[in-house]
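> As input, take input09.cif (mmCIF, C-alpha atoms):
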data_data
loop_
_atom_site.label_atom_id
_atom_site.label_comp_id
_atom_site.auth_asym_id
_atom_site.auth_seq_id
_atom_site.Cartn_x
_atom_site.Cartn_y
_atom_site.Cartn_z
CA MET A 1 -3.13 55.46 -13.97
CA ALA A 2 -1.71 55.58 -17.47
CA ASP A 3 1.22 53.26 -17.95
CA VAL A 4 3.67 55.50 -19.76
CA ASN A 5 6.41 52.91 -19.60
CA ARG A 6 4.45 50.04 -21.22
CA GLY A 7 6.65 47.72 -23.22
CA ASN A 8 9.83 49.04 -21.73
CA ARG A 9 9.78 47.43 -18.29
CA PRO A 10 11.99 44.68 -16.98
CA LEU A 11 10.19 41.35 -17.29
CA SER A 12 12.10 39.27 -14.78
CA PRO A 13 11.58 36.65 -13.59
CA HIS A 14 9.59 35.51 -16.60
CA LEU A 15 8.53 31.85 -16.76
CA GLN A 16 9.51 31.40 -20.42
CA VAL A 17 12.97 32.91 -20.17
CA TYR A 18 13.76 32.23 -16.52
CA ARG A 19 16.84 30.10 -15.98
CA LEU A 20 17.18 28.37 -12.61
CA PRO A 21 20.18 29.69 -10.68
CA LEU A 22 23.04 27.23 -10.22
CA ALA A 23 22.19 26.80 -6.54
CA ALA A 24 18.64 25.75 -7.47
CA ILE A 25 19.90 23.32 -10.12
CA THR A 26 22.37 21.67 -7.72
CA SER A 27 19.65 21.54 -5.06
CA ILE A 28 17.04 19.76 -7.17
CA LEU A 29 19.74 17.46 -8.59
CA ASN A 30 20.33 16.16 -5.05
CA ARG A 31 16.70 15.02 -4.93
CA ILE A 32 16.73 13.63 -8.45
CA THR A 33 19.91 11.62 -7.83
CA GLY A 34 18.59 10.38 -4.48
CA VAL A 35 15.29 9.17 -5.92
CA GLY A 36 17.06 7.85 -9.03
CA MET A 37 19.37 5.61 -7.01
CA THR A 38 16.32 3.65 -5.79
CA LEU A 39 16.47 1.58 -8.98
CA ALA A 40 20.13 0.67 -8.41
CA ALA A 41 19.34 -0.19 -4.77
CA VAL A 42 16.70 -2.69 -5.91
CA LEU A 43 19.03 -4.17 -8.54
CA ILE A 44 21.92 -4.55 -6.07
CA VAL A 45 19.74 -6.30 -3.45
CA TRP A 46 18.49 -8.59 -6.23
CA TRP A 47 22.14 -9.32 -7.15
CA PHE A 48 23.02 -10.19 -3.54
CA ALA A 49 19.90 -12.33 -3.10
CA ALA A 50 20.70 -14.19 -6.33
CA GLY A 51 24.26 -14.80 -5.16
CA ALA A 52 22.97 -16.24 -1.88
CA PHE A 53 20.43 -18.40 -3.74
CA SER A 54 22.54 -20.26 -6.34
CA ALA A 55 25.46 -19.91 -8.75
CA GLU A 56 23.14 -20.35 -11.76
CA TYR A 57 20.68 -17.68 -10.70
CA PHE A 58 23.60 -15.38 -9.81
CA ALA A 59 24.95 -15.76 -13.37
CA THR A 60 21.58 -14.63 -14.75
CA VAL A 61 21.27 -11.54 -12.54
CA ASP A 62 24.97 -10.69 -12.76
CA GLY A 63 24.69 -10.93 -16.55
CA LEU A 64 21.72 -8.57 -16.48
CA LEU A 65 23.53 -6.01 -14.31
CA THR A 66 26.59 -6.11 -16.61
CA SER A 67 24.59 -6.02 -19.86
CA TRP A 68 24.66 -2.71 -21.76
CA ILE A 69 21.45 -1.53 -20.12
CA GLY A 70 22.63 -2.73 -16.69
CA ASN A 71 25.97 -1.00 -17.16
CA LEU A 72 24.21 2.18 -18.26
CA ILE A 73 21.97 2.16 -15.15
CA LEU A 74 24.88 1.40 -12.80
CA PHE A 75 27.17 3.98 -14.43
CA GLY A 76 24.46 6.62 -14.13
CA SER A 77 23.83 5.57 -10.53
CA LEU A 78 27.55 5.77 -9.76
CA TRP A 79 27.58 9.40 -10.90
CA ALA A 80 24.37 9.97 -8.91
CA LEU A 81 26.05 8.43 -5.85
CA TRP A 82 29.12 10.68 -6.10
CA TYR A 83 27.05 13.77 -6.81
CA HIS A 84 24.64 13.03 -3.96
CA MET A 85 27.50 12.35 -1.53
CA LEU A 86 29.57 15.42 -2.45
CA ASN A 87 26.58 17.77 -2.53
CA SER A 88 25.24 16.36 0.75
CA ILE A 89 28.61 17.00 2.40
CA ARG A 90 28.11 20.61 1.27
CA HIS A 91 24.64 20.50 2.86
CA LEU A 92 26.14 19.21 6.12
CA ILE A 93 28.59 22.12 6.07
CA TRP A 94 25.71 24.54 5.38
CA ASP A 95 23.87 23.04 8.36
CA THR A 96 26.61 24.54 10.55
CA GLY A 97 26.02 27.95 8.95
CA ARG A 98 29.32 27.98 7.05
CA MET A 99 30.04 28.65 3.34
CA MET A 100 26.67 30.23 2.64
CA ASP A 101 27.73 33.41 0.81
CA VAL A 102 26.47 33.59 -2.77
CA GLU A 103 29.95 33.60 -4.36
CA ILE A 104 31.10 30.61 -2.28
CA VAL A 105 27.92 28.68 -3.08
CA GLU A 106 28.47 29.42 -6.77
CA LYS A 107 32.08 28.21 -6.62
CA SER A 108 31.35 25.11 -4.55
CA SER A 109 28.53 24.21 -6.96
CA TYR A 110 31.08 23.97 -9.78
CA VAL A 111 33.44 22.00 -7.53
CA VAL A 112 30.68 19.49 -6.65
CA LEU A 113 29.60 19.09 -10.30
CA GLY A 114 33.17 18.70 -11.57
CA ALA A 115 34.33 16.41 -8.77
CA SER A 116 31.30 14.13 -9.20
CA VAL A 117 32.23 13.52 -12.85
CA VAL A 118 35.94 13.02 -12.05
CA MET A 119 35.24 10.63 -9.16
CA THR A 120 32.81 8.62 -11.31
CA LEU A 121 35.51 8.07 -13.94
CA VAL A 122 38.17 7.34 -11.29
CA THR A 123 35.90 4.73 -9.67
CA VAL A 124 35.21 3.03 -13.00
CA ILE A 125 38.94 2.92 -13.78
CA ILE A 126 39.74 1.45 -10.34
CA VAL A 127 37.11 -1.31 -10.37
CA ILE A 128 37.45 -2.39 -14.01
CA MET B 1 -1.25 16.36 29.75
CA GLY B 2 -3.92 18.14 31.76
CA TYR B 3 -1.52 20.06 33.96
CA ARG B 4 0.92 21.06 31.24
CA THR B 5 0.83 24.52 29.75
CA ASP B 6 0.08 24.97 26.05
CA TYR B 7 3.65 26.10 25.50
CA ALA B 8 5.11 23.02 27.19
CA ARG B 9 2.95 20.74 25.03
CA VAL B 10 4.10 22.18 21.70
CA HIS B 11 7.64 23.24 22.54
CA GLY B 12 10.17 21.67 20.14
CA HIS B 13 7.64 19.66 18.17
CA GLY B 14 7.10 21.81 15.07
CA ALA B 15 4.28 21.40 12.53
CA ALA B 16 4.77 17.64 12.11
CA GLY B 17 4.62 16.97 15.85
CA GLU B 18 7.93 15.19 16.00
CA GLY B 19 10.39 18.04 16.41
CA VAL B 20 13.69 17.70 14.58
CA GLY B 21 13.77 13.88 14.95
CA HIS B 22 13.40 13.13 11.24
CA TRP B 23 15.82 15.84 10.17
CA TRP B 24 18.41 14.76 12.71
CA SER B 25 18.05 11.07 11.86
CA GLN B 26 18.61 11.82 8.17
CA ARG B 27 21.82 13.72 9.04
CA LEU B 28 23.02 10.80 11.17
CA THR B 29 22.50 8.26 8.38
CA SER B 30 24.11 10.60 5.83
CA ILE B 31 27.22 10.98 8.00
CA ALA B 32 27.41 7.19 8.46
CA LEU B 33 27.02 6.67 4.72
CA VAL B 34 30.10 8.70 3.73
CA PRO B 35 32.68 6.16 5.02
CA LEU B 36 30.39 3.15 4.46
CA THR B 37 29.80 4.04 0.79
CA LEU B 38 33.53 4.49 0.17
CA LEU B 39 34.22 1.10 1.79
CA PHE B 40 31.36 -0.64 -0.03
CA ILE B 41 31.57 0.44 -3.68
CA PHE B 42 35.10 -0.75 -4.53
CA PRO B 43 34.84 -4.42 -3.40
CA PHE B 44 31.32 -4.45 -4.87
CA GLY B 45 32.53 -3.06 -8.18
CA ARG B 46 35.30 -5.65 -8.37
CA ALA B 47 32.93 -8.54 -7.54
CA LEU B 48 30.37 -7.35 -10.11
CA GLY B 49 30.59 -9.31 -13.37
CA ASN B 50 33.35 -11.60 -12.08
CA GLY B 51 31.34 -14.75 -11.48
CA HIS B 52 29.84 -16.49 -8.48
CA GLU B 53 33.19 -17.62 -7.04
CA ALA B 54 34.49 -14.05 -6.82
CA PHE B 55 31.18 -12.99 -5.28
CA VAL B 56 31.37 -15.71 -2.60
CA ALA B 57 35.06 -15.02 -2.00
CA THR B 58 34.33 -11.34 -1.37
CA TYR B 59 31.28 -11.66 0.88
CA SER B 60 32.37 -14.73 2.85
CA ASN B 61 35.07 -12.38 4.17
CA LEU B 62 33.89 -11.04 7.53
CA TRP B 63 35.14 -7.50 6.86
CA HIS B 64 33.47 -7.14 3.45
CA ALA B 65 30.28 -8.74 4.79
CA LEU B 66 30.23 -6.36 7.76
CA VAL B 67 30.74 -3.33 5.49
CA ALA B 68 27.96 -4.53 3.16
CA VAL B 69 25.52 -5.13 6.05
CA LEU B 70 26.22 -1.74 7.69
CA PHE B 71 26.03 -0.01 4.30
CA MET B 72 22.67 -1.59 3.49
CA ALA B 73 21.23 -0.79 6.92
CA ALA B 74 22.27 2.87 6.69
CA ALA B 75 21.41 3.20 2.98
CA PHE B 76 17.88 1.82 3.25
CA ALA B 77 17.15 3.82 6.41
CA HIS B 78 18.37 6.94 4.56
CA LEU B 79 16.45 6.04 1.36
CA MET B 80 13.26 5.50 3.38
CA GLN B 81 13.62 8.90 5.07
CA GLY B 82 14.44 10.64 1.79
CA LEU B 83 11.61 9.11 -0.24
CA GLN B 84 9.22 9.89 2.63
CA VAL B 85 10.06 13.60 2.40
CA VAL B 86 9.74 13.55 -1.41
CA ILE B 87 6.30 11.90 -1.18
CA GLU B 88 5.20 14.37 1.50
CA ASP B 89 6.37 17.30 -0.65
CA TYR B 90 4.89 16.32 -4.03
CA VAL B 91 1.86 14.07 -3.40
CA SER B 92 -1.02 16.01 -1.89
CA THR B 93 -3.91 13.61 -2.66
CA LYS B 94 -4.54 12.19 0.80
CA GLY B 95 -5.30 8.55 -0.03
CA LEU B 96 -2.50 8.21 -2.59
CA ARG B 97 -0.08 9.95 -0.26
CA THR B 98 -0.87 7.58 2.61
CA ALA B 99 -0.64 4.55 0.30
CA LEU B 100 2.76 5.65 -1.03
CA LEU B 101 4.09 6.37 2.47
CA ILE B 102 3.02 2.88 3.62
CA ALA B 103 4.52 1.24 0.51
CA ASN B 104 7.76 3.19 0.98
CA THR B 105 8.19 2.12 4.60
CA LEU B 106 7.35 -1.54 3.96
CA LEU B 107 9.45 -1.88 0.78
CA CYS B 108 12.52 -0.16 2.23
CA TRP B 109 12.41 -2.42 5.28
CA ALA B 110 11.86 -5.51 3.12
CA LEU B 111 14.66 -4.68 0.67
CA GLY B 112 17.12 -3.74 3.40
CA ILE B 113 16.49 -6.93 5.36
CA ALA B 114 16.57 -9.04 2.17
CA GLY B 115 19.98 -7.58 1.31
CA ILE B 116 21.37 -8.08 4.80
CA LEU B 117 20.02 -11.65 5.00
CA SER B 118 21.61 -12.44 1.61
CA VAL B 119 25.03 -11.25 2.76
CA ALA B 120 24.61 -13.22 6.01
CA THR B 121 23.71 -16.35 4.02
CA VAL B 122 26.90 -16.07 1.95
CA LEU B 123 29.02 -15.36 5.04
CA PHE B 124 27.68 -18.26 7.12
CA SER B 125 27.44 -20.89 4.37
CA ALA B 126 30.98 -20.42 3.06
#
Here is a file; write its structure as structure tokens.

Amino acid sequence: MADVNRGNRPLSPHLQVYRLPLAAITSILNRITGVGMTLAAVLIVWWFAAGAFSAEYFATVDGLLTSWIGNLILFGSLWALWYHMLNSIRHLIWDTGRMMDVEIVEKSSYVVLGASVVMTLVTVIIVI
Amino acid sequence: MGYRTDYARVHGHGAAGEGVGHWWSQRLTSIALVPLTLLFIFPFGRALGNGHEAFVATYSNLWHALVAVLFMAAAFAHLMQGLQVVIEDYVSTKGLRTALLIANTLLCWALGIAGILSVATVLFSA
């Protein structure tokens, strides 16, 4: 059959121009933050073990965790923690079948993203 | 098994043969982690970078030690379940997949117990 409409057809979804919908981005971010926090979990156990071992060893590990690279990892993990918690609460609500309409998912995605950033900054201000 | 019908043998077990056990367990640990995380991060954040004395002062307190132990137990159980699903989803090479699943289970148990034992050491030696 001759394709009379060649070149004038919609090309969606197209791999090179396809943008993940917000719901897909927030979904994969939950996995990324969860896996990412593994590093912080190891560091924090190391910190506790060092503290139980001796004051000298604690100073070494504590110094490492509060160095610029340690602070960067922990600050990133703090955001990951808030994001993962807030988005997972949304997942728990979805598990009951509530709040699943597209517009509500779109709105709550922005709420989760915004609140995770705000809560990260609030936590840093409180503990510093 | 011999007298059970085919339906009775498979009912509720799904493709993985364990029903909703894993899914449900992950929900349980996630619910537990909401209050435990909120209780854990602030004393932890204050003790971080404040020297060994502040660390000992915080975790020789029974309340803070209890929160830390419960948090670690729930967090490492949850991490183990989560990483297991990620490995199962993305690693399809059979040998590597089995090796990673074994490493995940052993390391999460080891790290969780190491963390809990460390808090207990501080609590009981203060």
> Do you know which residues are at most 12 Å from Phe48 (chain A) counting all atoms listed in the file, after dropping those on the same chain fewer than 5 positions away, and could you put them as a PyMOL selection string?
(chain A and resi 41-43+53-55+57-59+61-62+65) or (chain B and resi 44+47-48+52+55-56+58-59+65+68-69+72+111-123)
> Decode the PyMOL selection byres ((chain A and resi 115) around 12) for the given file into explicit residues and return them as a list in words.
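What the PyMOL selection byres ((chain A and resi 115) around 12) grabs from the file is Trp79, Ala80, Leu81, Trp82, Tyr83, His84, Met85, Leu86, Asn87, Ser108, Ser109, Tyr110, Val111, Val112, Leu113, Gly114, Ser116, Val117, Val118, Met119, Thr120, Leu121, Val122 and Thr123 of chain A.
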> For a quick check of understanding, using all atoms listed in the file, which of A:Ile128, A:Thr96, A:Ala24, A:Thr60 has the smallest distance to Pro43 (chain B)?
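Between A:Ile128, A:Thr96, A:Ala24, A:Thr60, the residue approaching Pro43 (chain B) most closely is A:Ile128.
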> Find the distance between CA of Val124 (chain A) and CA of Ala40 (chain A) and write it in Å to one decimal.
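Distance between the two atoms: 15.9 Å.
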> For the atom pair CA of Leu66 (chain B) and CA of Thr33 (chain A), what is the interatomic distance in Å to one decimal place?
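Between CA of Leu66 (chain B) and CA of Thr33 (chain A) the gap works out to 25.9 Å.
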> When the PyMOL selection byres ((chain B and resi 105) around 10) is applied to the file above, which residues end up in the set, as a ChimeraX atom specification?
/B:76-77,79-81,83-84,100-104,106-110
> One decimal, in Å: what's the spacing between CA of His64 (chain B) and CA of Gly82 (chain B)?
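Straight-line distance from CA of His64 (chain B) to CA of Gly82 (chain B) works out to 26.1 Å.
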> Find, counting all atoms listed in the file, the residue in B:Val67, B:Val34, B:Val85, B:Ala74 that gets nearest to chain A.
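With all atoms listed in the file as the atom set, the closest residue is B:Val34.
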> Specify as a VMD selection string each residue included when the PyMOL selection byres ((chain B and resi 37) around 9) is applied to this file.
(chain A and resid 81 85) or (chain B and resid 32 to 36 38 to 42 67 71 75)
